[in-house]
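Okay, work-v2.cif now, which holds mmCIF, C-alpha atoms:
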```cif
data_target
#
loop_
_atom_site.label_atom_id
_atom_site.label_comp_id
_atom_site.auth_asym_id
_atom_site.auth_seq_id
_atom_site.Cartn_x
_atom_site.Cartn_y
_atom_site.Cartn_z
CA MET B 1 0.89 34.91 -3.82
CA LEU B 2 -1.40 31.99 -4.59
CA SER B 3 -5.13 32.52 -4.33
CA LYS B 4 -7.03 30.82 -1.50
CA ARG B 5 -8.96 28.86 -4.12
CA LEU B 6 -5.82 27.36 -5.63
CA ILE B 7 -4.30 26.61 -2.23
CA LYS B 8 -7.50 24.81 -1.22
CA TYR B 9 -7.41 22.82 -4.47
CA PHE B 10 -3.78 21.79 -4.04
CA LYS B 11 -4.34 20.81 -0.41
CA SER B 12 -7.36 18.70 -1.38
CA LEU B 13 -5.03 16.50 -3.43
CA GLN B 14 -3.44 15.33 -0.20
CA LEU B 15 -6.58 13.20 0.26
CA LYS B 16 -7.15 9.99 -1.68
CA LYS B 17 -10.81 10.83 -2.33
CA TYR B 18 -9.96 14.02 -4.23
CA ARG B 19 -6.95 12.53 -5.98
CA ARG B 20 -9.21 9.88 -7.45
CA GLN B 21 -11.89 12.43 -8.28
CA GLU B 22 -9.45 14.77 -10.06
CA GLN B 23 -7.10 12.02 -11.32
CA LYS B 24 -4.18 14.17 -10.20
CA PHE B 25 -1.55 14.05 -7.45
CA LEU B 26 1.15 16.24 -5.89
CA VAL B 27 4.89 16.03 -6.42
CA GLU B 28 7.03 18.26 -4.20
CA GLY B 29 10.66 19.31 -3.95
CA ALA B 30 13.47 19.81 -6.44
CA LYS B 31 14.19 16.11 -7.08
CA GLY B 32 10.56 15.10 -7.60
CA VAL B 33 9.70 18.04 -9.85
CA GLN B 34 12.82 17.51 -11.98
CA GLU B 35 11.97 13.81 -12.40
CA VAL B 36 8.44 14.72 -13.51
CA LEU B 37 9.73 17.23 -16.04
CA ASN B 38 12.11 14.60 -17.42
CA SER B 39 9.22 12.15 -17.85
CA ASN B 40 6.20 12.02 -20.16
CA LEU B 41 3.72 12.60 -17.35
CA GLY B 42 1.14 15.32 -17.84
CA VAL B 43 1.29 18.38 -15.59
CA SER B 44 -1.63 20.72 -14.91
CA HIS B 45 0.12 23.18 -12.56
CA LEU B 46 3.78 23.88 -11.95
CA LEU B 47 4.69 26.04 -8.97
CA LEU B 48 8.29 27.28 -8.93
CA THR B 49 10.26 29.67 -6.77
CA PRO B 50 12.22 32.22 -8.82
CA GLU B 51 15.52 30.68 -7.68
CA PHE B 52 14.50 27.17 -8.72
CA ARG B 53 13.03 28.38 -12.00
CA SER B 54 16.32 30.11 -12.82
CA SER B 55 18.10 26.73 -12.56
CA PHE B 56 16.32 25.52 -15.70
CA GLY B 57 17.80 26.27 -19.08
CA PRO B 58 15.83 27.69 -22.03
CA GLU B 59 15.23 24.16 -23.33
CA ALA B 60 13.59 22.97 -20.11
CA ASN B 61 10.30 21.18 -20.65
CA LEU B 62 8.22 23.38 -18.33
CA ARG B 63 4.56 22.62 -18.89
CA GLY B 64 1.11 23.15 -17.46
CA GLU B 65 0.18 26.43 -15.84
CA VAL B 66 3.53 27.72 -14.58
CA ILE B 67 3.20 29.93 -11.49
CA ASP B 68 5.96 31.85 -9.71
CA VAL B 69 5.58 31.38 -5.97
CA SER B 70 7.35 31.98 -2.69
CA GLU B 71 8.59 29.34 -0.27
CA ARG B 72 5.67 30.26 1.97
CA ASP B 73 3.21 29.53 -0.85
CA LEU B 74 4.76 26.09 -1.41
CA ILE B 75 4.51 25.23 2.26
CA MET B 76 0.87 26.35 2.36
CA ALA B 77 -0.04 24.38 -0.77
CA GLY B 78 1.85 21.16 -0.07
CA THR B 79 2.87 18.73 2.66
CA PHE B 80 6.53 19.67 3.15
CA GLN B 81 7.53 21.70 6.19
CA SER B 82 10.16 23.40 4.04
CA ASN B 83 10.34 23.64 0.26
CA ASN B 84 12.44 26.21 -1.57
CA ALA B 85 12.05 24.67 -5.02
CA GLY B 86 8.71 23.68 -6.46
CA LEU B 87 5.51 21.66 -6.60
CA ALA B 88 3.82 19.97 -9.55
CA VAL B 89 0.24 18.81 -9.94
CA VAL B 90 0.62 15.69 -12.05
CA GLU B 91 -1.99 13.83 -14.06
CA MET B 92 -2.43 10.14 -13.27
CA PRO B 93 -1.38 8.17 -16.35
CA GLU B 94 -3.53 5.43 -17.85
CA LEU B 95 -1.98 2.05 -17.20
CA PRO B 96 -1.76 -0.51 -20.01
CA PRO B 97 -3.06 -4.05 -19.38
CA LEU B 98 -0.73 -5.88 -17.01
CA GLN B 99 1.54 -8.27 -18.88
CA ILE B 100 4.69 -9.95 -17.56
CA GLY B 101 7.40 -11.23 -19.87
CA GLN B 102 8.78 -14.73 -19.44
CA LYS B 103 12.24 -13.38 -18.58
CA GLU B 104 11.04 -10.52 -16.39
CA LEU B 105 11.19 -10.16 -12.61
CA VAL B 106 8.39 -8.20 -10.94
CA ILE B 107 7.42 -7.53 -7.32
CA ALA B 108 4.05 -8.29 -5.74
CA LEU B 109 3.17 -6.67 -2.40
CA ASP B 110 0.57 -8.11 -0.04
CA ASP B 111 -0.97 -5.56 2.33
CA VAL B 112 2.06 -3.27 2.60
CA ARG B 113 0.34 -0.36 4.28
CA ASP B 114 3.09 2.05 5.26
CA PRO B 115 3.48 4.76 2.57
CA GLY B 116 7.18 5.13 3.31
CA ASN B 117 7.74 1.41 2.77
CA LEU B 118 5.86 1.41 -0.54
CA GLY B 119 7.77 4.44 -1.80
CA THR B 120 11.10 2.94 -0.77
CA ILE B 121 10.27 -0.38 -2.47
CA ILE B 122 9.47 1.52 -5.67
CA ARG B 123 12.88 3.18 -5.41
CA ILE B 124 14.57 -0.18 -4.78
CA ALA B 125 12.76 -1.75 -7.74
CA ASP B 126 13.99 1.10 -9.94
CA TRP B 127 17.57 0.54 -8.73
CA TYR B 128 17.42 -3.09 -9.87
CA GLY B 129 15.76 -2.27 -13.17
CA ILE B 130 12.36 -3.67 -12.17
CA THR B 131 9.61 -1.66 -13.82
CA LYS B 132 6.44 -3.40 -12.61
CA LEU B 133 4.92 -3.65 -9.16
CA ILE B 134 1.64 -5.41 -8.33
CA CYS B 135 -0.06 -4.38 -5.09
CA SER B 136 -3.01 -5.90 -3.26
CA PRO B 137 -5.92 -3.42 -2.95
CA ASP B 138 -5.17 -2.86 0.75
CA CYS B 139 -1.64 -1.61 0.12
CA ALA B 140 -0.85 2.08 0.58
CA ASP B 141 -2.03 4.38 -2.21
CA LEU B 142 0.66 4.97 -4.83
CA HIS B 143 -0.22 8.67 -5.08
CA ASN B 144 -0.09 9.38 -1.36
CA PRO B 145 2.41 12.26 -1.00
CA LYS B 146 4.51 10.17 1.42
CA VAL B 147 4.81 7.38 -1.18
CA ILE B 148 5.75 9.82 -3.92
CA ASN B 149 8.35 11.52 -1.73
CA ALA B 150 9.91 8.24 -0.51
CA SER B 151 10.25 6.98 -4.08
CA MET B 152 12.62 9.88 -4.89
CA GLY B 153 11.30 10.18 -8.44
CA SER B 154 11.30 6.44 -9.19
CA PHE B 155 7.50 6.52 -9.51
CA THR B 156 8.10 8.00 -12.99
CA ARG B 157 9.79 4.76 -14.13
CA VAL B 158 8.03 2.01 -12.14
CA GLN B 159 4.41 1.21 -13.00
CA VAL B 160 2.12 0.06 -10.18
CA TRP B 161 -1.05 -2.00 -10.55
CA TYR B 162 -3.57 -2.87 -7.82
CA GLU B 163 -4.88 -6.42 -8.20
CA ASP B 164 -6.51 -9.21 -6.19
CA LEU B 165 -3.34 -11.22 -5.62
CA SER B 166 -5.15 -14.51 -5.03
CA VAL B 167 -6.66 -14.24 -8.53
CA PHE B 168 -3.57 -12.76 -10.15
CA LEU B 169 -1.13 -15.36 -8.79
CA LYS B 170 -3.43 -18.28 -9.65
CA GLN B 171 -3.72 -17.11 -13.24
CA SER B 172 -0.07 -16.16 -13.73
CA PRO B 173 2.19 -18.74 -15.41
CA GLN B 174 5.30 -17.17 -13.84
CA ARG B 175 7.15 -18.80 -10.96
CA VAL B 176 6.26 -17.21 -7.61
CA PHE B 177 8.95 -16.62 -4.99
CA GLY B 178 7.72 -15.73 -1.52
CA ALA B 179 9.41 -14.29 1.55
CA LEU B 180 8.47 -16.69 4.39
CA LEU B 181 10.13 -17.49 7.71
CA GLU B 182 10.06 -21.19 6.85
CA GLY B 183 11.62 -20.64 3.42
CA GLU B 184 15.06 -21.77 2.32
CA ASN B 185 18.16 -19.74 3.05
CA ILE B 186 18.32 -16.92 0.48
CA TYR B 187 22.12 -17.13 0.36
CA SER B 188 22.12 -20.75 -0.78
CA SER B 189 19.07 -20.52 -3.07
CA ASP B 190 19.47 -20.94 -6.82
CA LEU B 191 17.72 -17.84 -8.13
CA ASN B 192 17.26 -16.37 -11.59
CA PRO B 193 15.89 -12.83 -11.99
CA LYS B 194 12.59 -13.83 -13.58
CA GLY B 195 9.19 -14.50 -12.08
CA ILE B 196 7.24 -12.83 -9.26
CA LEU B 197 8.68 -11.93 -5.86
CA LEU B 198 5.90 -11.79 -3.25
CA MET B 199 6.52 -9.71 -0.13
CA GLY B 200 4.05 -9.57 2.76
CA ASN B 201 2.63 -7.22 5.35
CA GLU B 202 5.01 -5.37 7.67
CA SER B 203 3.97 -7.32 10.79
CA LYS B 204 1.98 -10.34 9.57
CA GLY B 205 3.89 -11.35 6.46
CA VAL B 206 2.16 -13.03 3.51
CA ARG B 207 -1.47 -13.82 4.24
CA PRO B 208 -2.20 -17.57 4.67
CA GLU B 209 -4.39 -17.94 1.57
CA LEU B 210 -1.51 -16.81 -0.67
CA VAL B 211 1.09 -19.20 0.78
CA PRO B 212 -0.06 -22.24 -1.30
CA LEU B 213 0.49 -20.13 -4.46
CA ILE B 214 4.21 -19.74 -3.73
CA ASP B 215 6.47 -22.03 -5.77
CA GLN B 216 9.68 -21.29 -3.88
CA ALA B 217 9.80 -19.81 -0.38
CA VAL B 218 12.93 -17.99 0.75
CA HIS B 219 14.04 -16.28 3.93
CA ILE B 220 16.92 -14.11 5.14
CA PRO B 221 18.64 -15.92 8.03
CA ARG B 222 18.88 -13.95 11.26
CA ARG B 223 22.25 -13.72 12.97
CA GLY B 224 21.47 -11.17 15.65
CA GLY B 225 18.69 -10.36 18.06
CA ALA B 226 16.35 -8.19 15.96
CA GLU B 227 12.81 -9.54 15.80
CA SER B 228 12.30 -8.73 12.12
CA LEU B 229 13.45 -6.73 9.11
CA ASN B 230 11.63 -3.79 7.60
CA VAL B 231 9.83 -5.01 4.47
CA SER B 232 11.65 -2.57 2.19
CA VAL B 233 15.03 -3.64 3.59
CA ALA B 234 14.08 -7.31 3.17
CA THR B 235 13.01 -6.63 -0.42
CA ALA B 236 16.41 -5.10 -1.19
CA VAL B 237 18.32 -8.01 0.36
CA ILE B 238 16.31 -10.62 -1.55
CA LEU B 239 16.53 -8.73 -4.85
CA ASP B 240 20.27 -8.42 -4.47
CA ASN B 241 20.49 -12.20 -4.26
CA PHE B 242 18.48 -12.57 -7.46
CA PHE B 243 21.15 -10.55 -9.25
CA ARG B 244 24.27 -11.80 -7.47
#
```

Would you put the structure from the file into structure tokens?
Amino acid sequence: MLSKRLIKYFKSLQLKKYRRQEQKFLVEGAKGVQEVLNSNLGVSHLLLTPEFRSSFGPEANLRGEVIDVSERDLIMAGTFQSNNAGLAVVEMPELPPLQIGQKELVIALDDVRDPGNLGTIIRIADWYGITKLICSPDCADLHNPKVINASMGSFTRVQVWYEDLSVFLKQSPQRVFGALLEGENIYSSDLNPKGILLMGNESKGVRPELVPLIDQAVHIPRRGGAESLNVSVATAVILDNFFR
């Protein structure tokens, strides 16, 4: 059984204040823990049920303080309502200076506040081989447990920077594509997978001061009666047209 002190410490990492203070975050469940162990990320604590631990071979890269726990311990320490596998306390990596190659496509997010949306967009970026994401400071926190869970391990392969987008986009030499209602039809647009794709807030879209920084506006034509598309769904549709 975990000590009350350790449980309190793990639970504190559910809050942004303590994640920043400790420079650590939680990863829960079999998929997330396996992705962490297959990455180069540092681990300070690794909590495993006996059944899940037995699934690893002798060459498994178990690291940090490895603790055998029960399902009840994992539920008490983490955010999942059920978890029969494991939990890792992961060290936040140091990001290199942000640089974008001339033939690289990256995603910029303006005020995307829903953790599930951010995590799903990270997963979508990973699917399309995009490894860099630039978020405005008011986006959801990358290390929020809901973001980490929604990314399904893709956070280990996609790097995320938080930048003032008005400054970043003005200084960037890359072509900026923006998702706007008044943009051209995405299905007839001539798109190459290089530059910056700017996606806006879930309900308000791209903020007005960023619109003049967009070189090519695109939109997904509506054929039915829905008022709007979820921002992560829209990101997937637009990206697919970059690579069609």

Resolved residues for the PyMOL selection byres ((chain B and resi 72) around 10) as an MDAnalysis selection string: chainID B and resid 1:2 49 69:71 73:77 81:84

Just checking: using all atoms listed in the file, which residue out of B:Met92, B:Ile148, B:Cys135, B:Ala60 ends up closest to Gly32 in chain B? B:Ile148

Please evaluate the PyMOL selection byres ((chain B and resi 219-226) around 10) against the displayed coordinates and give the resulting residues as a short mmCIF file (atom, residue, chain, number, x, y, z; two decimals) with C-alpha atoms, in the coordinates of the input.
```cif
data_model
loop_
_atom_site.label_atom_id
_atom_site.label_comp_id
_atom_site.auth_asym_id
_atom_site.auth_seq_id
_atom_site.Cartn_x
_atom_site.Cartn_y
_atom_site.Cartn_z
CA GLY B 178 7.72 -15.73 -1.52
CA ALA B 179 9.41 -14.29 1.55
CA LEU B 180 8.47 -16.69 4.39
CA LEU B 181 10.13 -17.49 7.71
CA GLU B 182 10.06 -21.19 6.85
CA GLY B 183 11.62 -20.64 3.42
CA GLU B 184 15.06 -21.77 2.32
CA ASN B 185 18.16 -19.74 3.05
CA ILE B 186 18.32 -16.92 0.48
CA TYR B 187 22.12 -17.13 0.36
CA SER B 189 19.07 -20.52 -3.07
CA ALA B 217 9.80 -19.81 -0.38
CA VAL B 218 12.93 -17.99 0.75
CA GLU B 227 12.81 -9.54 15.80
CA SER B 228 12.30 -8.73 12.12
CA LEU B 229 13.45 -6.73 9.11
CA ALA B 234 14.08 -7.31 3.17
CA VAL B 237 18.32 -8.01 0.36
CA ILE B 238 16.31 -10.62 -1.55
#
```

Please measure the separation of CA of Leu210 in chain B and CA of Val231 in chain B, giving the value in Å to one decimal. 17.2 Å

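Closest to Asn38 in chain B among B:Gly153, B:Pro96, B:Gly195, B:Pro208 is B:Gly153, based on only C-alpha atoms.
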
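Note that the spacing between CA of Ala88 in chain B and CA of Val27 in chain B amounts to 5.1 Å.
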
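We find CA of Val89 in chain B and CA of Lys17 in chain B to be spaced 15.6 Å apart.
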
Enumerate, as a count of residues only, the protein, DNA and RNA residues whose atoms approach (4.0, -7.7, -15.5) to within 8 Å, taking into account only C-alpha atoms and the coordinate frame of the file. 9

Set the distance at 12 Å and use all atoms listed in the file: which residues neighbour Ser54 in chain B once local chain neighbours fewer than 6 positions away are removed? I'd like the list as a ChimeraX atom specification. /B:48,60,62,68,85-86

Selection above as a file: C-alpha atoms, as a PDB file, in the coordinates of the input:
```pdb
ATOM      1  CA  LEU B  48       8.290  27.280  -8.930  1.00  0.00           C
ATOM      2  CA  ALA B  60      13.590  22.970 -20.110  1.00  0.00           C
ATOM      3  CA  LEU B  62       8.220  23.380 -18.330  1.00  0.00           C
ATOM      4  CA  ASP B  68       5.960  31.850  -9.710  1.00  0.00           C
ATOM      5  CA  ALA B  85      12.050  24.670  -5.020  1.00  0.00           C
ATOM      6  CA  GLY B  86       8.710  23.680  -6.460  1.00  0.00           C
TER       7      GLY B  86
END
```

So that I can see what lies close to Ile122 in chain B, please list as a list of chain:residue names the residues with an atom at most 8 Å from it, counting only C-alpha atoms and leaving out residues fewer than 5 positions away in the same chain. B:Leu133, B:Ser151, B:Ser154, B:Phe155, B:Val158

Resolved residues for the PyMOL selection byres ((chain B and resi 197) around 6) as a ChimeraX atom specification: /B:107-108,177-178,196,198

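Nearest to Thr156 in chain B of all the residues B:Val90, B:Val36, B:Leu46, B:Ala30 is B:Val36, counting only C-alpha atoms.
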
Which residues are close to Ser166 in chain B, i.e. within 9 Å by all atoms listed in the file, leaving aside same-chain residues fewer than 4 positions away? Reply as a list in words. Lys170, Gln171, Glu209, Leu210 and Leu213 of chain B

Of the candidates B:Ile7, B:Val147, B:Ile121, B:Val66, which shows the shortest atom-to-atom distance to Leu109 in chain B, using all atoms listed in the file? B:Ile121

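Compared by their closest atoms to Ala236 in chain B, and using all atoms listed in the file, the residues B:Glu163, B:Asp126, B:Glu202, B:Asp138 rank with B:Asp126 nearest.
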
Shortest interatomic distance to Asn149 in chain B - which of B:Ile214, B:Leu169, B:Leu118, B:Leu15, counting all atoms listed in the file: B:Leu118

Need to verify the contact set: Phe25 in chain B, 8 Å, all atoms listed in the file, exclusion of same-chain residues closer than 3 positions in sequence. Can you return it as a ChimeraX atom specification? /B:13-14,19,89-92,143-145

Using only the atoms of range 163-179 of chain B listed in the file, plus 5 Å on each side, state the axis-aligned box centre and edge lengths in Å rounded to one decimal, as JSON.
```
{"center_x": 1.4, "center_y": -12.6, "center_z": -6.9, "size_x": 26.1, "size_y": 22.4, "size_z": 27.0}
```
